[in-house]
file query00.cif (mmCIF, C-alpha atoms)
data_coords
loop_
_atom_site.label_atom_id
_atom_site.label_comp_id
_atom_site.auth_asym_id
_atom_site.auth_seq_id
_atom_site.Cartn_x
_atom_site.Cartn_y
_atom_site.Cartn_z
CA MET A 565 0.00 0.00 0.00
CA ASP A 566 1.55 3.33 -1.03
CA ILE A 567 1.58 6.37 1.23
CA ARG A 568 -1.17 8.20 -0.70
CA GLU A 569 -3.56 5.29 -0.24
CA SER A 570 -2.67 5.10 3.49
CA LEU A 571 -3.15 8.86 3.82
CA GLY A 572 -6.57 8.70 2.16
CA MET A 573 -7.63 5.85 4.43
CA ALA A 574 -6.38 7.72 7.52
CA THR A 575 -8.28 10.85 6.51
CA ARG A 576 -11.52 8.95 5.89
CA THR A 577 -11.21 7.15 9.22
CA LEU A 578 -10.72 10.41 11.13
CA ALA A 579 -13.52 12.14 9.21
CA ALA A 580 -15.90 9.36 10.17
CA ASN A 581 -15.39 10.26 13.84
CA ARG A 582 -15.30 14.05 13.66
CA LEU A 583 -16.36 14.82 17.22
CA ARG A 584 -13.96 12.33 18.78
CA SER A 585 -11.15 13.56 16.52
CA PHE A 586 -11.84 17.17 17.49
CA LEU A 587 -11.93 16.41 21.21
CA THR A 588 -8.70 14.42 20.84
CA VAL A 589 -6.80 17.32 19.31
CA LEU A 590 -8.29 19.98 21.59
CA GLY A 591 -5.09 20.06 23.66
CA ILE A 592 -3.04 20.56 20.49
CA VAL A 593 -5.40 23.34 19.39
CA ILE A 594 -5.09 25.17 22.72
CA GLY A 595 -1.33 24.69 22.87
CA ASN A 596 -0.75 25.93 19.32
CA ALA A 597 -3.10 28.88 19.75
CA ALA A 598 -1.24 29.85 22.92
CA VAL A 599 2.18 29.50 21.27
CA ILE A 600 1.17 31.59 18.25
CA GLY A 601 -0.48 34.20 20.47
CA MET A 602 2.40 34.48 22.92
CA VAL A 603 5.09 34.63 20.23
CA GLY A 604 3.15 37.17 18.19
CA LEU A 605 2.36 39.41 21.14
CA GLY A 606 5.85 39.06 22.58
CA GLN A 607 7.41 40.24 19.33
CA ALA A 608 4.86 43.05 19.10
CA ALA A 609 5.69 44.16 22.65
CA GLN A 610 9.39 44.23 21.80
CA ARG A 611 8.79 46.32 18.67
CA TYR A 612 6.50 48.65 20.59
CA THR A 613 9.03 49.21 23.37
CA GLN A 614 11.85 49.78 20.90
CA GLY A 615 9.67 52.25 19.02
CA GLN A 616 8.89 54.13 22.21
CA PHE A 617 12.55 54.63 23.05
CA ALA A 618 13.45 55.34 19.41
CA SER A 619 10.91 58.19 19.44
CA LEU A 620 13.17 59.96 21.96
CA GLY A 621 16.22 59.69 19.74
CA THR A 622 19.32 57.56 20.07
CA ASN A 623 21.30 59.90 22.32
CA VAL A 624 19.02 60.17 25.37
CA LEU A 625 20.15 59.15 28.87
CA PHE A 626 18.11 58.84 32.06
CA VAL A 627 19.55 59.56 35.51
CA VAL A 628 17.49 57.68 38.10
CA PRO A 629 17.72 57.96 41.93
CA GLY A 630 18.48 54.95 44.13
CA ARG A 631 20.52 51.81 43.67
CA GLU A 632 20.16 50.01 40.36
CA ASP A 633 18.72 46.82 41.87
CA ALA A 634 16.32 48.59 44.26
CA ARG A 635 13.43 48.92 41.83
CA ARG A 636 13.72 45.27 40.80
CA ARG A 637 13.27 44.36 44.48
CA GLY A 638 10.28 46.73 44.84
CA ILE A 639 12.15 49.18 47.09
CA GLN A 640 11.05 52.82 46.91
CA PRO A 641 14.11 54.77 45.71
CA PRO A 642 15.45 57.41 48.12
CA ALA A 643 15.32 61.08 47.13
CA THR A 644 18.95 61.27 46.08
CA LEU A 645 18.62 63.40 42.93
CA THR A 646 18.08 67.15 43.09
CA TRP A 647 17.45 69.99 40.72
CA GLU A 648 20.90 71.24 41.66
CA ASP A 649 22.32 67.95 40.29
CA ALA A 650 20.56 68.64 36.98
CA GLN A 651 21.91 72.20 36.89
CA ALA A 652 25.41 70.89 37.58
CA ILE A 653 25.10 68.40 34.72
CA ALA A 654 23.93 71.16 32.39
CA THR A 655 26.93 73.37 33.19
CA GLN A 656 29.73 70.89 33.96
CA VAL A 657 29.20 67.96 31.57
CA PRO A 658 30.56 68.93 28.13
CA ALA A 659 28.97 65.93 26.38
CA ALA A 660 25.45 66.90 27.57
CA ARG A 661 23.44 69.11 25.25
CA TRP A 662 20.03 69.42 26.93
CA VAL A 663 19.12 68.56 30.52
CA ALA A 664 15.67 68.43 32.13
CA ALA A 665 14.82 67.44 35.69
CA GLN A 666 11.30 66.16 36.25
CA ILE A 667 8.73 65.82 39.04
CA SER A 668 5.45 64.08 38.28
CA ASP A 669 2.22 63.61 40.21
CA SER A 670 -1.49 63.14 39.59
CA PHE A 671 -3.98 65.98 40.08
CA LEU A 672 -7.50 66.98 39.15
CA ALA A 673 -7.59 69.23 36.10
CA SER A 674 -10.73 71.23 35.44
CA TYR A 675 -12.15 73.78 33.02
CA GLY A 676 -15.67 75.01 33.67
CA SER A 677 -17.77 71.96 34.52
CA ARG A 678 -15.30 69.52 32.97
CA THR A 679 -12.98 67.75 35.40
CA THR A 680 -10.54 64.88 34.87
CA ARG A 681 -7.63 63.37 36.75
CA THR A 682 -4.39 63.68 34.84
CA ASN A 683 -0.66 63.33 35.23
CA VAL A 684 1.15 66.64 35.75
CA THR A 685 4.88 66.91 35.05
CA GLY A 686 6.93 69.79 36.40
CA THR A 687 10.05 70.20 34.32
CA GLU A 688 12.44 72.58 32.59
CA ALA A 689 12.26 74.24 29.19
CA ASP A 690 14.67 71.77 27.58
CA PHE A 691 12.33 68.89 28.45
CA PHE A 692 10.46 69.36 25.18
CA ARG A 693 13.71 69.11 23.21
CA VAL A 694 14.90 66.01 25.07
CA GLN A 695 11.53 64.30 24.55
CA SER A 696 11.24 65.49 20.91
CA PHE A 697 7.79 67.04 21.44
CA ASP A 698 6.18 69.14 18.70
CA LEU A 699 3.58 71.86 19.14
CA ALA A 700 0.09 71.73 17.65
CA GLY A 701 -0.39 75.35 18.72
CA GLY A 702 0.90 78.07 21.07
CA ARG A 703 4.35 77.81 22.64
CA PHE A 704 6.41 75.84 25.13
CA PHE A 705 7.25 77.49 28.44
CA ASN A 706 10.79 78.92 28.61
CA GLU A 707 13.57 79.56 31.16
CA LEU A 708 11.95 82.86 32.20
CA ASP A 709 8.72 81.02 33.05
CA VAL A 710 10.75 78.59 35.17
CA GLN A 711 12.59 81.40 36.99
CA ARG A 712 9.36 83.33 37.66
CA HIS A 713 7.43 80.26 38.89
CA SER A 714 4.83 81.12 36.26
CA ARG A 715 1.46 79.43 36.36
CA VAL A 716 1.49 78.42 32.72
CA VAL A 717 0.70 75.00 31.31
CA VAL A 718 1.22 73.07 28.08
CA LEU A 719 -1.47 70.45 27.45
CA GLY A 720 -1.20 67.05 25.85
CA SER A 721 -3.58 66.56 22.91
CA ASP A 722 -5.93 64.12 24.70
CA LEU A 723 -6.19 66.32 27.81
CA ALA A 724 -6.96 69.35 25.63
CA VAL A 725 -9.87 67.49 24.03
CA LYS A 726 -11.15 66.25 27.40
CA LEU A 727 -11.27 69.76 28.83
CA PHE A 728 -12.11 71.88 25.80
CA GLY A 729 -13.62 69.54 23.21
CA ASP A 730 -13.32 71.09 19.76
CA ARG A 731 -12.50 74.58 21.12
CA SER A 732 -8.97 75.95 21.22
CA PRO A 733 -7.59 75.95 24.79
CA LEU A 734 -4.99 78.65 24.03
CA GLY A 735 -5.50 81.78 26.12
CA ASN A 736 -7.92 80.09 28.51
CA ARG A 737 -7.21 79.13 32.10
CA ILE A 738 -7.58 75.71 33.69
CA ARG A 739 -7.35 74.68 37.33
CA LEU A 740 -4.80 72.17 38.57
CA ASN A 741 -5.35 71.18 42.19
CA ASN A 742 -7.55 74.33 42.47
CA LEU A 743 -4.78 76.64 41.23
CA SER A 744 -5.35 78.65 38.05
CA PHE A 745 -2.98 78.10 35.10
CA ALA A 746 -2.88 79.84 31.72
CA VAL A 747 -2.82 77.47 28.75
CA ILE A 748 0.05 78.59 26.51
CA GLY A 749 0.51 75.54 24.27
CA VAL A 750 -0.95 72.27 23.02
CA LEU A 751 1.25 69.36 21.95
CA GLU A 752 1.03 67.19 18.88
CA PRO A 753 -0.07 63.62 19.74
CA LYS A 754 2.92 61.65 21.00
CA GLY A 755 1.47 58.37 22.24
CA ALA A 756 2.22 56.39 25.37
CA PHE A 757 5.69 55.84 26.79
CA LEU A 758 6.27 52.84 29.05
CA GLY A 759 2.59 52.68 29.92
CA SER A 760 2.19 56.43 30.55
CA ASN A 761 -0.04 58.33 28.12
CA ARG A 762 1.94 61.47 27.28
CA ASP A 763 -1.07 62.92 25.47
CA ASP A 764 -3.29 62.79 28.55
CA ALA A 765 -0.94 64.96 30.60
CA ALA A 766 -0.09 68.54 31.53
CA TYR A 767 3.37 70.11 31.65
CA ILE A 768 4.25 73.06 33.90
CA PRO A 769 7.49 74.77 35.03
CA LEU A 770 9.50 72.76 37.56
CA THR A 771 9.64 75.61 40.07
CA THR A 772 5.86 76.08 39.97
CA MET A 773 5.34 72.37 40.54
CA ALA A 774 7.83 72.28 43.41
CA ASN A 775 6.68 75.40 45.24
CA GLN A 776 2.94 75.38 44.62
CA LEU A 777 1.89 71.78 44.11
CA THR A 778 4.02 68.88 45.27
CA GLY A 779 7.66 69.78 45.77
CA ARG A 780 9.94 68.02 48.25
CA ARG A 781 13.22 69.31 49.60
CA SER A 782 16.14 67.42 51.08
CA PRO A 783 19.29 68.80 52.79
CA TYR A 784 20.85 68.77 49.32
CA GLY A 785 18.16 70.78 47.55
CA LEU A 786 14.92 70.30 45.60
CA THR A 787 14.42 66.58 44.97
CA VAL A 788 13.34 65.39 41.52
CA GLY A 789 11.99 62.11 40.13
CA PHE A 790 14.65 61.69 37.50
CA ILE A 791 16.75 63.68 35.04
CA SER A 792 16.59 63.34 31.25
CA VAL A 793 19.75 64.21 29.35
CA SER A 794 20.31 64.49 25.63
CA ALA A 795 23.94 63.95 24.61
CA ARG A 796 25.40 66.16 21.89
CA ASP A 797 25.23 63.25 19.43
CA GLU A 798 25.11 59.47 19.43
CA ALA A 799 28.90 59.23 19.63
CA SER A 800 28.88 61.34 22.82
CA VAL A 801 26.55 59.06 24.80
CA SER A 802 29.31 57.03 26.48
CA ALA A 803 31.27 60.20 27.29
CA ALA A 804 28.17 61.84 28.78
CA GLN A 805 27.48 58.76 30.91
CA PHE A 806 31.08 58.70 32.18
CA GLN A 807 31.19 62.45 32.89
CA MET A 808 27.82 62.47 34.68
CA THR A 809 28.78 59.48 36.82
CA ASN A 810 31.99 61.18 37.98
CA LEU A 811 30.20 64.48 38.60
CA LEU A 812 27.38 62.97 40.66
CA ARG A 813 29.77 60.79 42.68
CA ARG A 814 31.74 63.92 43.60
CA ARG A 815 28.60 65.90 44.42
CA HIS A 816 27.12 63.08 46.54
CA LYS A 817 30.52 62.34 48.17
CA ILE A 818 30.21 58.67 47.21
CA THR A 819 33.09 56.39 48.12
CA ASP A 820 31.30 53.05 47.81
CA GLU A 821 28.10 52.18 45.94
CA ASP A 822 26.34 54.78 43.80
CA ASP A 823 22.99 56.16 45.03
CA PHE A 824 21.90 56.68 41.42
CA TYR A 825 22.24 54.95 38.07
CA ILE A 826 22.28 56.07 34.47
CA ARG A 827 20.54 54.30 31.63
CA THR A 828 21.24 54.97 27.97
CA GLN A 829 18.51 54.56 25.41
CA LYS A 830 20.18 51.42 24.03
CA GLU A 831 20.48 49.87 27.49
CA ALA A 832 16.83 50.61 28.23
CA VAL A 833 15.79 49.02 24.92
CA ALA A 834 17.96 45.97 25.64
CA ILE A 835 16.49 45.55 29.15
CA ALA A 836 12.94 45.91 27.87
CA GLY A 837 13.75 43.41 25.11
CA ASN A 838 15.16 40.94 27.62
CA VAL A 839 12.11 41.25 29.86
CA THR A 840 9.63 40.69 27.05
CA GLY A 841 11.83 37.92 25.63
CA VAL A 842 11.93 36.03 28.93
CA LEU A 843 8.19 36.54 29.36
CA THR A 844 7.58 35.14 25.88
CA ILE A 845 9.74 32.09 26.58
CA VAL A 846 7.98 31.39 29.90
CA LEU A 847 4.53 31.70 28.36
CA ALA A 848 5.52 29.63 25.33
CA ALA A 849 6.89 26.94 27.65
CA THR A 850 3.59 26.95 29.52
CA ALA A 851 1.78 26.54 26.22
CA GLY A 852 4.13 23.65 25.43
CA ILE A 853 2.61 21.76 28.37
CA SER A 854 -0.72 21.89 26.53
CA LEU A 855 0.98 20.39 23.49
CA LEU A 856 2.38 17.59 25.64
CA VAL A 857 -1.07 16.91 27.09
CA GLY A 858 -2.47 16.95 23.55
CA GLY A 859 0.13 14.39 22.47
CA ILE A 860 -0.79 12.09 25.36
CA GLY A 861 -4.45 12.45 24.34
CA ILE A 862 -3.62 11.39 20.80
CA MET A 863 -1.71 8.34 22.03
CA ASN A 864 -4.60 7.39 24.29
CA ILE A 865 -7.25 7.69 21.59
CA MET A 866 -5.07 5.79 19.09
CA LEU A 867 -4.67 2.93 21.57
CA VAL A 868 -8.46 2.85 21.94
CA SER A 869 -8.75 2.89 18.15
CA VAL A 870 -6.42 -0.12 17.85
CA THR A 871 -8.60 -2.05 20.31
CA GLU A 872 -11.80 -1.07 18.48
CA ARG A 873 -10.37 -1.96 15.08
CA THR A 874 -8.77 -5.30 15.99
CA GLN A 875 -11.05 -7.18 13.57
CA GLU A 876 -10.20 -4.77 10.74
CA ILE A 877 -6.49 -5.23 11.41
CA GLY A 878 -6.87 -9.02 11.50
CA LEU A 879 -8.78 -9.05 8.21
CA ARG A 880 -6.28 -6.80 6.48
CA LYS A 881 -3.38 -8.93 7.59
CA ALA A 882 -5.23 -12.09 6.56
CA ILE A 883 -5.60 -10.80 2.99
CA GLY A 884 -1.95 -9.75 2.71
CA ALA A 885 -1.33 -6.45 4.46
CA THR A 886 2.18 -6.31 5.96
CA GLU A 887 3.20 -4.98 9.38
CA ARG A 888 4.68 -1.98 7.55
CA ASP A 889 1.28 -1.19 5.95
CA ILE A 890 -0.50 -1.29 9.33
CA LEU A 891 2.28 0.72 11.02
CA GLN A 892 2.17 3.33 8.23
CA GLN A 893 -1.60 3.72 8.38
CA PHE A 894 -1.82 4.25 12.14
CA LEU A 895 1.19 6.58 12.17
CA LEU A 896 -0.37 8.67 9.41
CA GLU A 897 -3.64 8.83 11.34
CA ALA A 898 -1.80 10.16 14.40
CA ILE A 899 0.20 12.70 12.34
CA VAL A 900 -2.84 13.91 10.38
CA LEU A 901 -4.78 14.25 13.62
CA ALA A 902 -2.02 16.29 15.27
CA MET A 903 -1.40 18.51 12.22
CA ALA A 904 -5.11 19.22 11.87
CA GLY A 905 -5.05 20.39 15.49
CA GLY A 906 -1.95 22.45 14.71
CA VAL A 907 -3.58 24.20 11.75
CA LEU A 908 -6.77 24.88 13.72
CA GLY A 909 -4.77 26.14 16.71
CA THR A 910 -2.69 28.39 14.46
CA ALA A 911 -5.86 29.88 12.99
CA VAL A 912 -7.29 30.51 16.47
CA GLY A 913 -4.02 32.04 17.72
CA THR A 914 -3.70 34.27 14.64
CA ALA A 915 -7.27 35.48 15.06
CA GLY A 916 -6.53 36.31 18.71
CA VAL A 917 -3.37 38.25 17.79
CA VAL A 918 -5.20 40.22 15.09
CA THR A 919 -8.04 41.03 17.51
CA ILE A 920 -5.65 42.30 20.17
CA ALA A 921 -3.81 44.38 17.56
CA LEU A 922 -7.10 46.05 16.62
CA VAL A 923 -7.89 47.16 20.19
CA THR A 924 -4.36 48.01 21.44
CA PRO A 925 -1.43 50.11 20.15
CA LEU A 926 0.55 46.92 19.50
CA SER A 927 1.33 46.22 15.84
CA ALA A 928 1.01 42.48 16.35
CA GLN A 929 1.59 40.09 13.47
CA VAL A 930 2.29 36.39 13.07
CA SER A 931 5.37 35.38 11.10
CA TRP A 932 5.33 32.50 8.62
CA GLY A 933 8.23 31.02 10.57
CA ALA A 934 6.11 30.80 13.73
CA VAL A 935 3.26 29.18 11.76
CA ALA A 936 5.60 26.63 10.16
CA LEU A 937 7.19 25.89 13.54
CA ALA A 938 3.81 25.41 15.25
CA VAL A 939 2.45 23.06 12.55
CA GLY A 940 5.78 21.23 12.35
CA VAL A 941 5.87 20.69 16.12
CA SER A 942 2.30 19.39 15.97
CA GLY A 943 3.25 16.86 13.29
CA THR A 944 6.24 15.76 15.34
CA ILE A 945 4.02 15.28 18.39
CA GLY A 946 1.69 13.12 16.31
CA LEU A 947 4.66 11.08 15.06
CA VAL A 948 6.18 10.60 18.53
CA PHE A 949 2.97 9.77 20.36
CA GLY A 950 1.62 7.66 17.49
CA VAL A 951 4.53 5.21 17.43
CA ALA A 952 3.40 3.04 20.37
CA PRO A 953 -0.21 2.52 19.14
CA ALA A 954 1.00 1.94 15.57
CA GLN A 955 3.52 -0.67 16.71
CA ARG A 956 0.87 -2.36 18.82
CA ALA A 957 -1.45 -2.56 15.81
CA ALA A 958 1.31 -3.72 13.45
CA ARG A 959 2.42 -6.55 15.75
CA LEU A 960 -1.06 -8.06 16.20
CA ASP A 961 -1.24 -11.70 15.14
CA PRO A 962 -4.01 -11.94 12.49
CA ILE A 963 -5.44 -15.20 13.93
CA VAL A 964 -5.46 -13.85 17.48
CA ALA A 965 -6.92 -10.58 16.22
CA LEU A 966 -9.80 -12.32 14.43
CA ARG A 967 -10.51 -14.51 17.45
CA THR A 968 -10.45 -11.47 19.74
CA ALA A 969 -12.94 -9.73 17.51
#

call {"tool": "encode", "arguments": {"input": "query00.cif", "output": "structure tokens"}}
result
Amino acid sequence: MDIRESLGMATRTLAANRLRSFLTVLGIVIGNAAVIGMVGLGQAAQRYTQGQFASLGTNVLFVVPGREDARRRGIQPPATLTWEDAQAIATQVPAARWVAAQISDSFLASYGSRTTRTNVTGTEADFFRVQSFDLAGGRFFNELDVQRHSRVVVLGSDLAVKLFGDRSPLGNRIRLNNLSFAVIGVLEPKGAFLGSNRDDAAYIPLTTMANQLTGRRSPYGLTVGFISVSARDEASVSAAQFQMTNLLRRRHKITDEDDFYIRTQKEAVAIAGNVTGVLTIVLAATAGISLLVGGIGIMNIMLVSVTERTQEIGLRKAIGATERDILQQFLLEAIVLAMAGGVLGTAVGTAGVVTIALVTPLSAQVSWGAVALAVGVSGTIGLVFGVAPAQRAARLDPIVALRTA
């Protein structure tokens, strides 16, 4: 019996028991759908994160308070960075081009009867250059606004719509934490950054934020959340990191472990990539357990099939079928069963990825390589778990088989 004839017989046999075949491969379907979904979303998350950092430019550095491993252990970082540190970086680090200290908090923003809670960032004039913001209208605040503690605000595009609808906010006044601020600018949409929607936010001078809303002072000066620095060019990033590290160690009189750390844009992208990569591997491994369970289900149902079809096997052997023919037929049934589950699972996983891409900012897509791998693994599972039942069927003695039947 050639392989095409065996394949046709295997397909007809499985089609005759559709419900049982479907229930048998359900584990394969779930496992493949999970693998396709996790791989697709993991890759999308990596691209999204890389795109977020790339939107800042390739020469941005972040100075963060606290020890480097503190955040990983869930420890609240101490207030070790100050505005004076940022001013020292701006004047004493030759490789730094723009420097912006930041303080952020959440407040109620209101205009007339419209009120919404939003994130407010107090920062310096160079913040908009470091973050590569563009204006939709009006102007950014400047150094004079920072020095005068001016109550001026630049709105993100989403916040402007929430408070003013289709009207222009420029020239109007909003209230932040019951203090009146003049709207001087509206930003072009920028999108989220590391889970924070930069369009649903307000930006005010650092001094206004510190002295009128939520500032904190330490013995070393006005504390800030972190400092963004733009190096003069991509080639100056390493020099800026080295110069800032030396400067801050001198200012903080550090002789042992640093009470701050500096991340470059490339390091941040690499860390985010590692995190999403590990997450993808863990989830894919979990999905692999479903594939294993699916394989065991196939072996179980094939063993039942051998018992049910003992008479058929005996008759076929009695009229000349060889052990190889029987082995080939049952192996093909197991492989076809597993690959059908793989194709169905791939379709379900792809549909899930496309659905999530439609309702989230992730540009999720499924690569042909992932599809080929998923279907190939399914076929391999069918082959591996189909060997034992196929051998059992092939080794049946025709006389014993007919008597058993």

call {"tool": "atom_distance", "arguments": {"input": "query00.cif", "atom1": "CA of Thr772 in chain A", "atom2": "CA of Ala654 in chain A"}}
result
20.2 Å

call {"tool": "closest_residue", "arguments": {"input": "query00.cif", "among": "A:Ala598, A:Leu867, A:Val918, A:Ile945", "to": "Val900 in chain A", "atoms": "all atoms listed in the file"}}
result
A:Ile945

call {"tool": "closest_residue", "arguments": {"input": "query00.cif", "among": "A:Val684, A:Ala965, A:Leu960, A:Ala795", "to": "Thr778 in chain A", "atoms": "only C-alpha atoms"}}
result
A:Val684

call {"tool": "residues_around", "arguments": {"input": "query00.cif", "residues": "Ile853 in chain A", "least_positions_apart": "6", "cutoff": "10 Å", "atoms": "all atoms listed in the file", "output": "ChimeraX atom specification"}}
result
/A:591-592,595,859

call {"tool": "closest_residue", "arguments": {"input": "query00.cif", "among": "A:Ala804, A:Ala958, A:Ile768, A:Val747", "to": "Val627 in chain A", "atoms": "all atoms listed in the file"}}
result
A:Ala804

call {"tool": "resolve_selection", "arguments": {"input": "query00.cif", "expression": "the PyMOL selection byres ((chain A and resi 830) around 9)", "output": "list in words"}}
result
Phe617, Thr622, Asn623, Val624, Arg827, Thr828, Gln829, Glu831, Ala832, Val833, Ala834 and Ile835 of chain A

call {"tool": "atom_distance", "arguments": {"input": "query00.cif", "atom1": "CA of Thr771 in chain A", "atom2": "CA of Ser800 in chain A"}}
result
29.5 Å

call {"tool": "residues_around", "arguments": {"input": "query00.cif", "residues": "range 879-881 of chain A", "least_positions_apart": "4", "cutoff": "12 Å", "atoms": "all atoms listed in the file", "output": "VMD selection string"}}
result
chain A and resid 565 873 to 875 885 to 891 893 957 to 969

call {"tool": "closest_residue", "arguments": {"input": "query00.cif", "among": "A:Ser927, A:Asn596, A:Asn706, A:Ser696", "to": "Glu752 in chain A", "atoms": "all atoms listed in the file"}}
result
A:Ser696

call {"tool": "resolve_selection", "arguments": {"input": "query00.cif", "expression": "the PyMOL selection byres ((chain A and resi 763) around 9)", "output": "count of residues only"}}
result
18

call {"tool": "residues_around", "arguments": {"input": "query00.cif", "residues": "Arg739 in chain A", "least_positions_apart": "2", "cutoff": "7 Å", "atoms": "all atoms listed in the file", "output": "MDAnalysis selection string"}}
result
chainID A and resid 673:675 737 741:745

call {"tool": "write_last_selection", "arguments": {"input": "query00.cif", "atoms": "C-alpha atoms", "output": "PDB file, in the frame of the given file"}}
result
ATOM      1  CA  ALA A 673      -7.590  69.230  36.100  1.00  0.00           C
ATOM      2  CA  SER A 674     -10.730  71.230  35.440  1.00  0.00           C
ATOM      3  CA  TYR A 675     -12.150  73.780  33.020  1.00  0.00           C
ATOM      4  CA  ARG A 737      -7.210  79.130  32.100  1.00  0.00           C
ATOM      5  CA  ASN A 741      -5.350  71.180  42.190  1.00  0.00           C
ATOM      6  CA  ASN A 742      -7.550  74.330  42.470  1.00  0.00           C
ATOM      7  CA  LEU A 743      -4.780  76.640  41.230  1.00  0.00           C
ATOM      8  CA  SER A 744      -5.350  78.650  38.050  1.00  0.00           C
ATOM      9  CA  PHE A 745      -2.980  78.100  35.100  1.00  0.00           C
TER      10      PHE A 745
END

call {"tool": "atom_distance", "arguments": {"input": "query00.cif", "atom1": "CA of Ser794 in chain A", "atom2": "CA of Phe671 in chain A"}}
result
28.3 Å

call {"tool": "resolve_selection", "arguments": {"input": "query00.cif", "expression": "the PyMOL selection byres ((chain A and resi 715) around 7)", "output": "JSON, numbers by chain"}}
result
{"A": [713, 714, 716, 717, 745, 746, 772]}

call {"tool": "closest_residue", "arguments": {"input": "query00.cif", "among": "A:Val750, A:Leu908, A:Val725, A:Leu740", "to": "Phe692 in chain A", "atoms": "all atoms listed in the file"}}
result
A:Val750

call {"tool": "closest_residue", "arguments": {"input": "query00.cif", "among": "A:Asp698, A:Glu876, A:Glu798, A:Asp669", "to": "Val718 in chain A", "atoms": "all atoms listed in the file"}}
result
A:Asp698

call {"tool": "residues_near_point", "arguments": {"input": "query00.cif", "point": "(-4.8, 27.9, 11.2)", "cutoff": "10 Å", "atoms": "only C-alpha atoms", "output": "PyMOL selection string"}}
result
chain A and resi 593+596-597+600+904-915+935+938-939

call {"tool": "residues_around", "arguments": {"input": "query00.cif", "residues": "range 808-822 of chain A", "least_positions_apart": "3", "cutoff": "9 Å", "atoms": "only C-alpha atoms", "output": "list of chain:residue names"}}
result
A:Val627, A:Gly630, A:Arg631, A:Glu632, A:Thr644, A:Asp649, A:Ala652, A:Ile653, A:Gln656, A:Val657, A:Ala660, A:Tyr784, A:Ala803, A:Ala804, A:Gln805, A:Tyr825, A:Ile826

call {"tool": "residues_around", "arguments": {"input": "query00.cif", "residues": "Leu645 in chain A", "least_positions_apart": "6", "cutoff": "8 Å", "atoms": "only C-alpha atoms", "output": "ChimeraX atom specification"}}
result
/A:628-629,787-790,824
